[in-house]
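Asker: Before anything else, here's the structure in question.
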Amino acid sequence: MVFDDLDTPLFDTTFVVVDLETTGTSPGGDAITEIGAVKVRGGEVLGEFATLVNPGRAVPPAIVQVTGITTAMVYAAPTIASVLPGFLEFASGAVLVAHNARFDMAFLKAAAAANDMAWPVATVLCTVKLARRVLGRDEAPSVRLSALAQLLGASTQPTHRALDDARATVDVLHALIARVGNQGVHSLTELVDYLPDVTPRQRAKRVLAADMPASPGVYLFRGPTDEVLYIGTAVNLRRRVRNYFTGSETRGRMKEMVALATRVDHVVCAHALEAGVRELRLLVAHTPPYNRRSKFPKRAWWITLTDEPFPRFSIVRTPNRDALGPFNSRADATELAVIIAEYTGLRTCSTRLPRHGLHECPPAIVGGCPAAASGTPINTEEYAPAAALVRALFAGYSDTPLRTMLDRIETHSRAEHFEAAARLRDRTAAVVRALHRTQRLAAIARIAELIAAHPDGAGGWEFAVIRYGRLAGAGNAARGVPPMAVVEQIVAAAETVIPEGGVSAEVQIVADIPAATPRSSARAPEQGAARFTATSEAIRSIAPDHDGRLEDSAGRYAAHRDAVSGAAAGGDVVSGAVVGGTAVGGTAVGGAVVGGDAVGGTAVGGDAAGDRAAGVGQARGTVAGGDAGVRDEASGDAAGDRVAGGDAAGDRAVGVRMARDYAAGGGVADGDAVGGTGASGMAGGAAVGGQAAVDRSAGVGEARGVVAGGDAGVRDEASGDAAGDRVAGGDAAGSDVTGASPVGGGAAEAPSVFGVAAPEWVPINVPPLRGASPEEAALVVRWLARAGVRIVRTSEGYREPLYGAGRWLGWAEVADAAAHAQPDGEAYVERLG
């Protein structure tokens with residue numbers, strides 16, 4: 001390589017790396033206590049200079065604690081007047097290098113001026129500026145010497161002693177020069193030009209940050225006509241704004257913005273979440289020219305179903321109830337819509353079809369309309385399941401399309417069509433991520449009010465009031481301040497949020513389930529689980545042991561009967577399933593009543609007809625809108641069976657299929673009685689087309705609760721599982737329903753009728769986020785996911801749907817890792833055969 005004669009190659013440049021220890025931070029009021037320097041050229045050490053210096057005053061205790069240099073150590077040391085000439089001779093003709101060079105050079109220049117010594121003209125390099133220029137903030141969040149030494153593998157670790165720190169700085173300098181060499185920087189001139197320069201005008205504007213507080217918040221740079229130029233957030237406003245006027249700011253656009261700025265406004269916030277949300281709202285309000293993101297949240301794209309007899313996908317800016325998104329690119333949304341349509345049977349043709357028309361697209365071997373797979377014309381009734389499957393997929397009530405895609409990937413792999421399998425793998429992972437993003441944001445957007453707290457790190461708490469996915473209020477409770485009083489004040493002053501579509505007009509999202517009376521999401525249902533709070537402890541006390549057995553359930557139940565029986569309200573039937581009759585005795589908590597007779601006698605939640613069924617020991621109660629008196633909603637436990645990710649008590653099961661001991665879904669202890677009497681005399685409850693099929697035999701050991709027409713025994717609304725038998729469109733319950741997680745669950749198939757999933761109450765024709773900004777809802781979700789966050793109070797629980805994409809995230813991560821994996825030499829050769 002040939003260099004210009006005026007340029008000195010870096011390998012021929014002599015550097016003197018210097019570090020000082022002082023009695024403080026003020027060059028005019030403090031003094032040097034130690035000097036350490038290392039002279040290097042071409043990667044070789046030419047010499048070292050190290051000496052203690054008598055500062056002429058006592059070393060402060062705080063400095064002693066940091067450096068270990070005491071007043072006794074420097075008492076007999078030479079003064080700076082004796083040391084400085086020798087150091088200047090040592091550094092003569094070299095480029096001076098220091099970590100935070102402005103600090104070290106200021107002390108040396110002040111010492112030279114105090115002793116009437118001329119300071120030589122020399123090039124000065126700062127490894128702080130060089131590190132900030134070379135290393136990104138993701139790679140090096142901090143440019144402290146100790147952090148850089150560890151990051152770049154320095155052979156000497158800094159110890160706050162001058163010579164050790166100088167040696168560590170030498171290693172950092174060499175590592176940084178090696179980095180810039182790949183960018184064409186090979187001479188000293190090129191290295192100096194590579195560093196950002198700060199003009200005197202830019203540095204003079206540091207006064208704009210003088211009144212900034214050292215607290216979290218939002219800052220706004222304003223221009224000559226008071227227009228907002230740029231908006232940002234900071235954990236420490238003063239420190240962050242000051243950085244814009246120093247060499248640490250390397251972005252050209254920001255330098256241009258700083259040159260135009262005339263003042264900086266700020267908004268102090270309680271914590272980082274409030275700062276982030278306020279920034280998003282201010283960006284939308286002001287659209288500052290020097291911000292590039294988040295200024296136009298309405299420009300996002302959504303995949304929606306059209307409102308027509310034969311629905312199809314449409315890519316729009318404004319979402320409706322059946323929407324998936326948001327997407328930054330219309331092309332990304334279109335690609336995902338095509339993939340989902342292919343595996344749900346939704347049509348992709350653009351012809352508008354009337355209500356009484358037929359879909360008659362011809363089938364195609366490659367491509368073509370997915371709705372034409374049958375090869376025959378179909379009407380609206382035959383086409384309806386495809387649209388319903390899309391809605392169930394978006395809402396998280398079915399993952400059948402994802403399983404179909406996974407099966408297709410395996411088919412391609414078995415046929416050794418690896419490229420096709422890899423393409424479909426990547427597309428499936430993209431679908432999973434898009435579904436999870438929408439479902440996760442929708443889960444927080446449906447909650448009327450949620451109050452969360454996070455430790456502030458100083459013994460206090462940070463509070464946030466979330467309403468329908470929006471931050472409505474924020475505040476802090478310092479250590480020693482009663483937190484609940486602060487919470488009540490924050491709630492009282494919180495913003496009133498009216499979600500899109502209002503708070504009362506709601507319907508079920510699953511069309512296959514009969515519509516119910518609309519209810520407000522802001523209050524608990526009249527027949528909800530809140531009425532059974534008094535029975536919760538008693539129910540838990542008769543829950544199965546760790547192995548899933550109810551070895552002494554009858555005796556343990558009897559011991560708690562008196563405590564539980566009082567839960568029935570006013571002697572009325574409490575959430576009991578009544579089929580064509582009334583409860584005998586009038587007191588039944590969760591008991592199934594058929595034709596006026598109490599089947600099962602004593603229900604888990606209380607007395608059913610005063611045990612008038614002959615010989616009855618225990619009955620599984622039916623709790624309307626909740627569990628069958630036997631399911632632990634929080635943990636997924638059924639009385640007698642532990643349902644945990646597909647595991648039955650003592651045996652591995654698939655989905656909710658139980659292998660033994662009081663199985664929920666058909667299996668029974670000591671006998672497989674499905675819809676009939678088993679070996680132990682247990683009656684398996686079933687609902688067939690609205691008719692109860694419970695055996696009324698005397699001497700029954702256990703009876704399952706029944707809900708005629710719908711879910712038998714009852715579905716856990718939070719998780720979507722039936723604690724008793726699962727009813728699909730009126731078919732006999734008691735059959736096994738599979739639905740294992742795709743990761744670690746083995747092969748399994750989803751329920752054939754996804755319409756039986758737990759009905760989700762959503763507003764009529766409003767988008768999933770109910771008007772909340774996707775970016776704001778995402779900030780809220782990420783804040784709630786932080787370690788240490790606790791829920792103070794909530795109108796309803798935060799949950800994602802049972803068959804939502806959250807179950808597939810592990811698979812998607814593995815798929816992404818496989819997509820980016822690069823085999824090494826031997827593995828690559830083996831793969832090629």
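Naming works like this for the structure tokens: A, B, ... for the chains as they're shown, residue 1 at the start of each chain, ligands 1 onward in shown order.
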Apply DSSP to the structure's backbone, then extract all residues of segment 291-432 of chain A labelled alpha helix (DSSP H) and return them as a ChimeraX atom specification.
Answerer: /A:330-344,380-395,400-414,418-432
Asker: Can you tell me, as a PDB file with N, CA, C and O atoms, in the first residue's frame, what residues are no more than 8 Å from Leu163 of chain A when counting only C-alpha atoms, ignoring any on the same chain fewer than 2 positions away?
Answerer:
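To be explicit, this is the file written out as part-v7.pdb:
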```pdb
ATOM      1  N   ASP A  19      -2.510   8.550  31.377  1.00  0.00           N
ATOM      2  CA  ASP A  19      -3.641   8.549  32.304  1.00  0.00           C
ATOM      3  C   ASP A  19      -3.205   9.253  33.579  1.00  0.00           C
ATOM      4  O   ASP A  19      -2.053   9.124  34.012  1.00  0.00           O
ATOM      5  N   ILE A  35       0.843  10.176  37.501  1.00  0.00           N
ATOM      6  CA  ILE A  35       0.898  10.182  36.036  1.00  0.00           C
ATOM      7  C   ILE A  35       1.421   8.826  35.582  1.00  0.00           C
ATOM      8  O   ILE A  35       2.439   8.336  36.101  1.00  0.00           O
ATOM      9  N   GLY A  36       0.757   8.247  34.615  1.00  0.00           N
ATOM     10  CA  GLY A  36       1.219   7.007  34.002  1.00  0.00           C
ATOM     11  C   GLY A  36       1.110   7.137  32.495  1.00  0.00           C
ATOM     12  O   GLY A  36       0.105   7.651  31.982  1.00  0.00           O
ATOM     13  N   ALA A  37       2.129   6.713  31.762  1.00  0.00           N
ATOM     14  CA  ALA A  37       2.118   6.854  30.304  1.00  0.00           C
ATOM     15  C   ALA A  37       2.858   5.679  29.679  1.00  0.00           C
ATOM     16  O   ALA A  37       3.818   5.144  30.250  1.00  0.00           O
ATOM     17  N   VAL A  38       2.402   5.286  28.480  1.00  0.00           N
ATOM     18  CA  VAL A  38       3.017   4.192  27.725  1.00  0.00           C
ATOM     19  C   VAL A  38       3.228   4.685  26.298  1.00  0.00           C
ATOM     20  O   VAL A  38       2.297   5.196  25.661  1.00  0.00           O
ATOM     21  N   PHE A  49       6.255   5.509  31.478  1.00  0.00           N
ATOM     22  CA  PHE A  49       6.539   6.613  32.384  1.00  0.00           C
ATOM     23  C   PHE A  49       5.495   6.540  33.504  1.00  0.00           C
ATOM     24  O   PHE A  49       4.289   6.542  33.246  1.00  0.00           O
ATOM     25  N   ALA A  50       5.962   6.497  34.760  1.00  0.00           N
ATOM     26  CA  ALA A  50       5.027   6.393  35.876  1.00  0.00           C
ATOM     27  C   ALA A  50       5.638   7.025  37.105  1.00  0.00           C
ATOM     28  O   ALA A  50       6.811   6.785  37.426  1.00  0.00           O
ATOM     29  N   ARG A 161      -5.420   3.104  38.842  1.00  0.00           N
ATOM     30  CA  ARG A 161      -4.040   3.555  39.019  1.00  0.00           C
ATOM     31  C   ARG A 161      -3.525   3.930  37.648  1.00  0.00           C
ATOM     32  O   ARG A 161      -3.831   3.268  36.642  1.00  0.00           O
ATOM     33  N   ASP A 165      -4.131   1.805  34.083  1.00  0.00           N
ATOM     34  CA  ASP A 165      -5.164   2.336  33.192  1.00  0.00           C
ATOM     35  C   ASP A 165      -4.585   2.720  31.833  1.00  0.00           C
ATOM     36  O   ASP A 165      -5.241   2.562  30.801  1.00  0.00           O
ATOM     37  N   ALA A 166      -3.350   3.238  31.822  1.00  0.00           N
ATOM     38  CA  ALA A 166      -2.714   3.579  30.550  1.00  0.00           C
ATOM     39  C   ALA A 166      -2.452   2.318  29.725  1.00  0.00           C
ATOM     40  O   ALA A 166      -2.650   2.302  28.503  1.00  0.00           O
ATOM     41  N   ARG A 167      -1.997   1.249  30.390  1.00  0.00           N
ATOM     42  CA  ARG A 167      -1.780  -0.018  29.669  1.00  0.00           C
ATOM     43  C   ARG A 167      -3.091  -0.567  29.110  1.00  0.00           C
ATOM     44  O   ARG A 167      -3.127  -1.066  27.975  1.00  0.00           O
TER      45      ARG A 167
END
```
Asker: Excluding same-chain residues fewer than 2 positions from Val97 of chain A, what lies within 10 Å of it counting only C-alpha atoms, as an MDAnalysis selection string?
Answerer: chainID A and resid 15:19 37:39 94:95 99:101 104:105 123:127 166 169:170 173
Asker: What's the separation between atom CA of Lys298 of chain A and atom CA of Ser398 of chain A, in Å to one decimal place?
Answerer: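 Answer for the atom CA of Lys298 of chain A to atom CA of Ser398 of chain A separation: 29.1 Å.
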Asker: Report the distance between atom CA of Gly459 of chain A and atom CA of Gly788 of chain A in Å, rounded to one decimal place.
Answerer: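 One can read the atom CA of Gly459 of chain A to atom CA of Gly788 of chain A distance as 12.5 Å.
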Asker: Which residue, A:Arg446, A:Arg57, A:Arg467, A:Arg807, has the smallest gap to Ala31 of chain A when you use only C-alpha atoms?
Answerer: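 When distances to Ala31 of chain A are compared using only C-alpha atoms, the smallest one comes from A:Arg57.
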